[in-house]
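> As input, take protein-v8.pdb (PDB, C-alpha atoms, pLDDT in the B column):
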```
ATOM      1  CA  MET W   1       0.000   0.000   0.000  1.00 66.00           C
ATOM      2  CA  SER W   2       1.395   3.367  -0.973  1.00 77.00           C
ATOM      3  CA  LYS W   3       2.003   6.147   1.513  1.00 82.00           C
ATOM      4  CA  GLN W   4      -0.224   8.386  -0.607  1.00 81.00           C
ATOM      5  CA  ASN W   5      -3.164   5.983  -0.203  1.00 80.00           C
ATOM      6  CA  ILE W   6      -2.617   5.876   3.560  1.00 84.00           C
ATOM      7  CA  THR W   7      -2.486   9.683   3.585  1.00 85.00           C
ATOM      8  CA  LYS W   8      -5.720   9.844   1.574  1.00 83.00           C
ATOM      9  CA  LEU W   9      -7.456   7.412   3.904  1.00 84.00           C
ATOM     10  CA  LEU W  10      -6.395   9.244   7.070  1.00 86.00           C
ATOM     11  CA  LEU W  11      -7.248  12.635   5.565  1.00 87.00           C
ATOM     12  CA  ASP W  12     -10.666  11.421   4.425  1.00 84.00           C
ATOM     13  CA  LEU W  13     -11.380   9.803   7.775  1.00 88.00           C
ATOM     14  CA  GLY W  14     -10.391  13.004   9.574  1.00 88.00           C
ATOM     15  CA  ALA W  15     -12.521  15.106   7.207  1.00 88.00           C
ATOM     16  CA  PHE W  16     -15.512  12.821   7.767  1.00 86.00           C
ATOM     17  CA  ILE W  17     -15.158  13.073  11.550  1.00 89.00           C
ATOM     18  CA  VAL W  18     -14.794  16.862  11.356  1.00 89.00           C
ATOM     19  CA  LEU W  19     -17.876  16.983   9.095  1.00 86.00           C
ATOM     20  CA  LEU W  20     -19.861  15.122  11.744  1.00 86.00           C
ATOM     21  CA  VAL W  21     -18.601  17.443  14.506  1.00 90.00           C
ATOM     22  CA  VAL W  22     -19.228  20.575  12.431  1.00 90.00           C
ATOM     23  CA  SER W  23     -22.747  19.336  11.730  1.00 87.00           C
ATOM     24  CA  ALA W  24     -23.596  19.756  15.403  1.00 87.00           C
ATOM     25  CA  PRO W  25     -23.057  23.470  16.162  1.00 88.00           C
ATOM     26  CA  HIS W  26     -25.204  23.178  19.276  1.00 90.00           C
ATOM     27  CA  PHE W  27     -22.597  20.713  20.574  1.00 90.00           C
ATOM     28  CA  THR W  28     -19.441  22.629  19.632  1.00 88.00           C
ATOM     29  CA  GLY W  29     -20.651  26.198  19.935  1.00 92.00           C
ATOM     30  CA  GLU W  30     -20.768  28.775  17.185  1.00 92.00           C
ATOM     31  CA  ALA W  31     -17.101  29.801  17.146  1.00 93.00           C
ATOM     32  CA  ILE W  32     -15.728  26.252  16.931  1.00 93.00           C
ATOM     33  CA  HIS W  33     -18.394  25.414  14.343  1.00 93.00           C
ATOM     34  CA  GLU W  34     -17.261  28.280  12.117  1.00 93.00           C
ATOM     35  CA  TRP W  35     -13.507  27.751  12.460  1.00 94.00           C
ATOM     36  CA  LEU W  36     -13.797  23.981  11.968  1.00 93.00           C
ATOM     37  CA  GLY W  37     -15.946  24.656   8.901  1.00 92.00           C
ATOM     38  CA  ILE W  38     -13.195  26.831   7.430  1.00 93.00           C
ATOM     39  CA  ALA W  39     -10.590  24.170   8.280  1.00 92.00           C
ATOM     40  CA  LEU W  40     -12.779  21.517   6.643  1.00 91.00           C
ATOM     41  CA  GLY W  41     -12.818  23.623   3.477  1.00 90.00           C
ATOM     42  CA  GLY W  42      -9.013  23.508   3.499  1.00 90.00           C
ATOM     43  CA  VAL W  43      -8.982  19.754   4.031  1.00 89.00           C
ATOM     44  CA  ILE W  44     -11.341  19.302   1.092  1.00 88.00           C
ATOM     45  CA  ILE W  45      -8.957  21.302  -1.116  1.00 90.00           C
ATOM     46  CA  VAL W  46      -6.112  18.984  -0.054  1.00 89.00           C
ATOM     47  CA  HIS W  47      -8.387  15.977  -0.745  1.00 87.00           C
ATOM     48  CA  LEU W  48      -9.041  17.272  -4.268  1.00 89.00           C
ATOM     49  CA  LEU W  49      -5.345  17.914  -4.889  1.00 90.00           C
ATOM     50  CA  LEU W  50      -4.385  14.408  -3.721  1.00 88.00           C
ATOM     51  CA  ASN W  51      -7.002  12.953  -6.049  1.00 87.00           C
ATOM     52  CA  TRP W  52      -6.308  15.312  -8.959  1.00 90.00           C
ATOM     53  CA  ASN W  53      -4.940  12.595 -11.283  1.00 90.00           C
ATOM     54  CA  TRP W  54      -8.074  10.510 -10.696  1.00 84.00           C
ATOM     55  CA  ILE W  55     -10.257  13.559 -11.375  1.00 87.00           C
ATOM     56  CA  VAL W  56      -8.478  14.244 -14.678  1.00 89.00           C
ATOM     57  CA  GLN W  57      -8.573  10.586 -15.772  1.00 86.00           C
ATOM     58  CA  VAL W  58     -12.272  10.188 -14.964  1.00 83.00           C
ATOM     59  CA  THR W  59     -13.092  13.501 -16.673  1.00 85.00           C
ATOM     60  CA  ILE W  60     -11.417  12.251 -19.855  1.00 84.00           C
ATOM     61  CA  ARG W  61     -13.195   8.878 -19.663  1.00 82.00           C
ATOM     62  CA  VAL W  62     -16.610  10.335 -18.845  1.00 82.00           C
ATOM     63  CA  PHE W  63     -16.550  12.578 -21.885  1.00 76.00           C
ATOM     64  CA  SER W  64     -15.019  10.018 -24.238  1.00 73.00           C
ATOM     65  CA  LYS W  65     -16.904   6.801 -23.447  1.00 65.00           C
ATOM     66  CA  ASN W  66     -20.298   5.678 -22.222  1.00 67.00           C
ATOM     67  CA  VAL W  67     -19.282   4.722 -18.684  1.00 69.00           C
ATOM     68  CA  LYS W  68     -22.405   4.931 -16.535  1.00 68.00           C
ATOM     69  CA  SER W  69     -20.885   3.941 -13.190  1.00 67.00           C
ATOM     70  CA  GLN W  70     -18.100   6.516 -13.467  1.00 77.00           C
ATOM     71  CA  ARG W  71     -20.517   9.121 -14.804  1.00 81.00           C
ATOM     72  CA  PHE W  72     -22.701   8.754 -11.684  1.00 84.00           C
ATOM     73  CA  SER W  73     -19.678   9.079  -9.402  1.00 84.00           C
ATOM     74  CA  TYR W  74     -18.429  12.045 -11.403  1.00 86.00           C
ATOM     75  CA  ILE W  75     -21.754  13.900 -11.209  1.00 89.00           C
ATOM     76  CA  LEU W  76     -22.083  12.992  -7.524  1.00 91.00           C
ATOM     77  CA  ASN W  77     -18.632  14.412  -6.777  1.00 89.00           C
ATOM     78  CA  TRP W  78     -19.393  17.667  -8.610  1.00 91.00           C
ATOM     79  CA  ALA W  79     -22.710  17.967  -6.755  1.00 95.00           C
ATOM     80  CA  LEU W  80     -20.885  17.368  -3.471  1.00 92.00           C
ATOM     81  CA  PHE W  81     -18.317  20.013  -4.389  1.00 91.00           C
ATOM     82  CA  ALA W  82     -21.049  22.532  -5.327  1.00 94.00           C
ATOM     83  CA  SER W  83     -23.003  21.903  -2.131  1.00 94.00           C
ATOM     84  CA  GLY W  84     -19.808  22.242  -0.097  1.00 91.00           C
ATOM     85  CA  ILE W  85     -19.109  25.601  -1.753  1.00 93.00           C
ATOM     86  CA  MET W  86     -22.663  26.697  -0.900  1.00 95.00           C
ATOM     87  CA  ILE W  87     -22.167  25.689   2.730  1.00 94.00           C
ATOM     88  CA  LEU W  88     -18.912  27.633   2.925  1.00 93.00           C
ATOM     89  CA  LEU W  89     -20.262  30.724   1.153  1.00 93.00           C
ATOM     90  CA  SER W  90     -23.534  30.856   3.078  1.00 93.00           C
ATOM     91  CA  GLY W  91     -21.680  30.110   6.309  1.00 93.00           C
ATOM     92  CA  LEU W  92     -19.408  33.083   5.731  1.00 92.00           C
ATOM     93  CA  MET W  93     -22.429  35.264   4.981  1.00 93.00           C
ATOM     94  CA  ILE W  94     -24.026  34.426   8.363  1.00 92.00           C
ATOM     95  CA  SER W  95     -20.753  34.253  10.290  1.00 92.00           C
ATOM     96  CA  LYS W  96     -20.709  35.756  13.749  1.00 91.00           C
ATOM     97  CA  THR W  97     -17.099  34.821  14.555  1.00 92.00           C
ATOM     98  CA  VAL W  98     -14.826  34.288  11.530  1.00 93.00           C
ATOM     99  CA  VAL W  99     -15.869  37.275   9.385  1.00 91.00           C
ATOM    100  CA  PRO W 100     -15.897  39.753  12.319  1.00 91.00           C
ATOM    101  CA  PHE W 101     -12.473  38.399  13.350  1.00 93.00           C
ATOM    102  CA  PHE W 102     -11.134  39.925  10.136  1.00 91.00           C
ATOM    103  CA  GLY W 103     -12.867  43.233  10.881  1.00 90.00           C
ATOM    104  CA  LEU W 104     -15.632  42.778   8.333  1.00 88.00           C
ATOM    105  CA  THR W 105     -19.375  43.182   8.783  1.00 87.00           C
ATOM    106  CA  LEU W 106     -21.978  41.765   6.460  1.00 85.00           C
ATOM    107  CA  PRO W 107     -25.664  42.620   6.210  1.00 84.00           C
ATOM    108  CA  GLN W 108     -27.834  40.116   8.032  1.00 82.00           C
ATOM    109  CA  ASN W 109     -30.190  38.198   5.761  1.00 84.00           C
ATOM    110  CA  MET W 110     -32.059  35.108   6.946  1.00 85.00           C
ATOM    111  CA  SER W 111     -32.095  33.717   3.392  1.00 92.00           C
ATOM    112  CA  TRP W 112     -28.399  32.881   3.805  1.00 92.00           C
ATOM    113  CA  LYS W 113     -29.179  30.889   6.964  1.00 92.00           C
ATOM    114  CA  GLU W 114     -31.889  28.929   5.146  1.00 94.00           C
ATOM    115  CA  LEU W 115     -29.529  28.285   2.228  1.00 95.00           C
ATOM    116  CA  HIS W 116     -26.828  27.189   4.687  1.00 93.00           C
ATOM    117  CA  GLU W 117     -29.165  24.679   6.340  1.00 93.00           C
ATOM    118  CA  LEU W 118     -30.507  23.395   3.009  1.00 95.00           C
ATOM    119  CA  SER W 119     -27.045  22.935   1.488  1.00 95.00           C
ATOM    120  CA  THR W 120     -25.883  21.209   4.680  1.00 92.00           C
ATOM    121  CA  ASN W 121     -28.754  18.725   4.480  1.00 93.00           C
ATOM    122  CA  ILE W 122     -28.082  18.089   0.790  1.00 95.00           C
ATOM    123  CA  THR W 123     -24.377  17.624   1.501  1.00 92.00           C
ATOM    124  CA  MET W 124     -25.083  15.016   4.185  1.00 91.00           C
ATOM    125  CA  VAL W 125     -27.119  12.955   1.711  1.00 95.00           C
ATOM    126  CA  LEU W 126     -24.484  13.377  -1.002  1.00 94.00           C
ATOM    127  CA  MET W 127     -21.711  12.474   1.468  1.00 91.00           C
ATOM    128  CA  GLY W 128     -23.546   9.270   2.344  1.00 92.00           C
ATOM    129  CA  LEU W 129     -23.758   8.414  -1.360  1.00 93.00           C
ATOM    130  CA  HIS W 130     -20.088   9.361  -1.844  1.00 90.00           C
ATOM    131  CA  VAL W 131     -19.036   6.993   0.941  1.00 90.00           C
ATOM    132  CA  ALA W 132     -21.276   4.256  -0.503  1.00 92.00           C
ATOM    133  CA  VAL W 133     -19.771   4.646  -3.989  1.00 90.00           C
ATOM    134  CA  HIS W 134     -16.234   4.417  -2.598  1.00 86.00           C
ATOM    135  CA  TRP W 135     -17.049   1.781   0.046  1.00 91.00           C
ATOM    136  CA  SER W 136     -15.013  -0.993  -1.568  1.00 91.00           C
ATOM    137  CA  TRP W 137     -11.902   1.236  -1.649  1.00 85.00           C
ATOM    138  CA  ILE W 138     -12.467   2.267   1.980  1.00 87.00           C
ATOM    139  CA  THR W 139     -12.946  -1.284   3.260  1.00 90.00           C
ATOM    140  CA  GLY W 140     -10.073  -2.554   1.113  1.00 89.00           C
ATOM    141  CA  MET W 141      -7.764   0.054   2.619  1.00 85.00           C
ATOM    142  CA  PHE W 142      -8.798  -0.824   6.180  1.00 85.00           C
ATOM    143  CA  LYS W 143      -8.420  -4.556   5.491  1.00 88.00           C
ATOM    144  CA  HIS W 144      -4.984  -3.959   4.076  1.00 84.00           C
ATOM    145  CA  LEU W 145      -3.997  -1.791   7.048  1.00 82.00           C
ATOM    146  CA  PHE W 146      -5.250  -4.116   9.759  1.00 81.00           C
ATOM    147  CA  THR W 147      -4.704  -7.563   8.249  1.00 82.00           C
ATOM    148  CA  PRO W 148      -1.634  -9.112   9.807  1.00 75.00           C
ATOM    149  CA  ARG W 149       1.043  -9.694   7.259  1.00 71.00           C
ATOM    150  CA  PRO W 150       2.900 -12.975   7.306  1.00 70.00           C
ATOM    151  CA  ALA W 151       6.226 -12.619   9.010  1.00 63.00           C
ATOM    152  CA  SER W 152       9.013 -12.484   6.521  1.00 61.00           C
ATOM    153  CA  ARG W 153      11.405 -15.341   6.821  1.00 61.00           C
ATOM    154  CA  VAL W 154      14.934 -14.459   7.551  1.00 57.00           C
ATOM    155  CA  VAL W 155      17.252 -17.003   6.145  1.00 56.00           C
ATOM    156  CA  SER W 156      20.324 -17.255   8.241  1.00 55.00           C
ATOM    157  CA  PRO W 157      23.157 -19.502   7.391  1.00 57.00           C
ATOM    158  CA  VAL W 158      23.306 -22.441   9.688  1.00 55.00           C
ATOM    159  CA  MET W 159      26.756 -23.480  10.514  1.00 53.00           C
ATOM    160  CA  SER W 160      27.178 -27.127  11.083  1.00 53.00           C
ATOM    161  CA  VAL W 161      30.336 -28.562  12.256  1.00 53.00           C
ATOM    162  CA  GLN W 162      30.843 -32.103  11.221  1.00 58.00           C
ATOM    163  CA  ARG W 163      33.839 -34.105  11.964  1.00 55.00           C
ATOM    164  CA  LYS W 164      35.350 -35.700   8.935  1.00 59.00           C
ATOM    165  CA  ASP W 165      36.786 -38.594  10.892  1.00 58.00           C
ATOM    166  CA  ALA W 166      33.514 -39.539  12.578  1.00 53.00           C
TER
END
```
Let's see the structure in the file written out as structure tokens.

Amino acid sequence: MSKQNITKLLLDLGAFIVLLVVSAPHFTGEAIHEWLGIALGGVIIVHLLLNWNWIVQVTIRVFSKNVKSQRFSYILNWALFASGIMILLSGLMISKTVVPFFGLTLPQNMSWKELHELSTNITMVLMGLHVAVHWSWITGMFKHLFTPRPASRVVSPVMSVQRKDA
């Protein structure tokens, strides 16, 4: 297993856990919710960069062949990206901690809050589908990580002393 795949798995697992924590602002409080949301946006950018070759390859295949399974995953990933952007944008528009931290004030509009909640709900459904589509990769990675490997045999020269006169 490559180090990059391990990095991807750990990054994705961390992002998923942060997504679950961020999804409960009543648990974390508003400030932590906002800052973790910004951090999650950064993690998603790293996720996309680590998977950039896959994105390019699938984009080429989707537009050159009739590959339904990859087309669904491709559209799902773009929908997930778009809904994530909407969460981040609407979250910044209703921010009470992050935006004021930078000395900015934005007009209050409850439509942004509704859009934030709607895009969050859509993202949770899309994230569930995303995990389901990639489930075999996820389970394969965990099996590979936690399956004991057979001990490698070390061949050591055995010295035998035999008497020639015996």
> Could you list the residues chosen by the PyMOL selection byres ((chain W and resi 31) around 12) in this structure as an mmCIF file with C-alpha atoms, keeping the file's coordinate frame?

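Okay, this is what ended up in selection.cif:
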```
data_model
loop_
_atom_site.group_PDB
_atom_site.id
_atom_site.type_symbol
_atom_site.label_atom_id
_atom_site.label_comp_id
_atom_site.auth_asym_id
_atom_site.auth_seq_id
_atom_site.Cartn_x
_atom_site.Cartn_y
_atom_site.Cartn_z
ATOM 1 C CA VAL W 22 -19.228 20.575 12.431
ATOM 2 C CA PRO W 25 -23.057 23.470 16.162
ATOM 3 C CA HIS W 26 -25.204 23.178 19.276
ATOM 4 C CA PHE W 27 -22.597 20.713 20.574
ATOM 5 C CA THR W 28 -19.441 22.629 19.632
ATOM 6 C CA GLY W 29 -20.651 26.198 19.935
ATOM 7 C CA GLU W 30 -20.768 28.775 17.185
ATOM 8 C CA ILE W 32 -15.728 26.252 16.931
ATOM 9 C CA HIS W 33 -18.394 25.414 14.343
ATOM 10 C CA GLU W 34 -17.261 28.280 12.117
ATOM 11 C CA TRP W 35 -13.507 27.751 12.460
ATOM 12 C CA LEU W 36 -13.797 23.981 11.968
ATOM 13 C CA GLY W 37 -15.946 24.656 8.901
ATOM 14 C CA ILE W 38 -13.195 26.831 7.430
ATOM 15 C CA GLY W 91 -21.680 30.110 6.309
ATOM 16 C CA SER W 95 -20.753 34.253 10.290
ATOM 17 C CA LYS W 96 -20.709 35.756 13.749
ATOM 18 C CA THR W 97 -17.099 34.821 14.555
ATOM 19 C CA VAL W 98 -14.826 34.288 11.530
ATOM 20 C CA VAL W 99 -15.869 37.275 9.385
ATOM 21 C CA PRO W 100 -15.897 39.753 12.319
ATOM 22 C CA PHE W 101 -12.473 38.399 13.350
#
```
> Mind dumping a table of every region 66-107 of chain W residue within 10 Å of region 131-136 of chain W, with the nearest atom pair and its distance in Å to one decimal, using only C-alpha atoms, sorted by chain and rising number, as a tab-separated table?

```
residue	atom	partner	partner_atom	distance
W:Ser69	CA	W:Val133	CA	9.3
W:Gln70	CA	W:Val133	CA	9.8
W:Phe72	CA	W:Val133	CA	9.2
W:Ser73	CA	W:Val133	CA	7.0
W:Leu76	CA	W:Val133	CA	9.4
```
> Taking only C-alpha atoms into account, name the residue in W:Ala15, W:Val58, W:Leu49, W:Leu88 that is nearest to Glu117 (chain W).
W:Leu88
> Show me the residues close to (-24.1, 40.5, 4.9) - anything with an atom within 10 Å, counting all atoms listed in the file - and format the list as a count of residues only.
14
> From the options W:Val62, W:Leu129, W:Ile55, W:Ile87, which residue's atoms come nearest to Leu40 (chain W), counting all atoms listed in the file?
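Using all atoms listed in the file, Leu40 (chain W) sits closest to W:Ile87.
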> Using the chain letters and numbers from the file, give me the residues hit by the PyMOL selection byres ((chain W and resi 124) around 10), as a ChimeraX atom specification.
/W:19-20,23,80,83-84,119-123,125-130
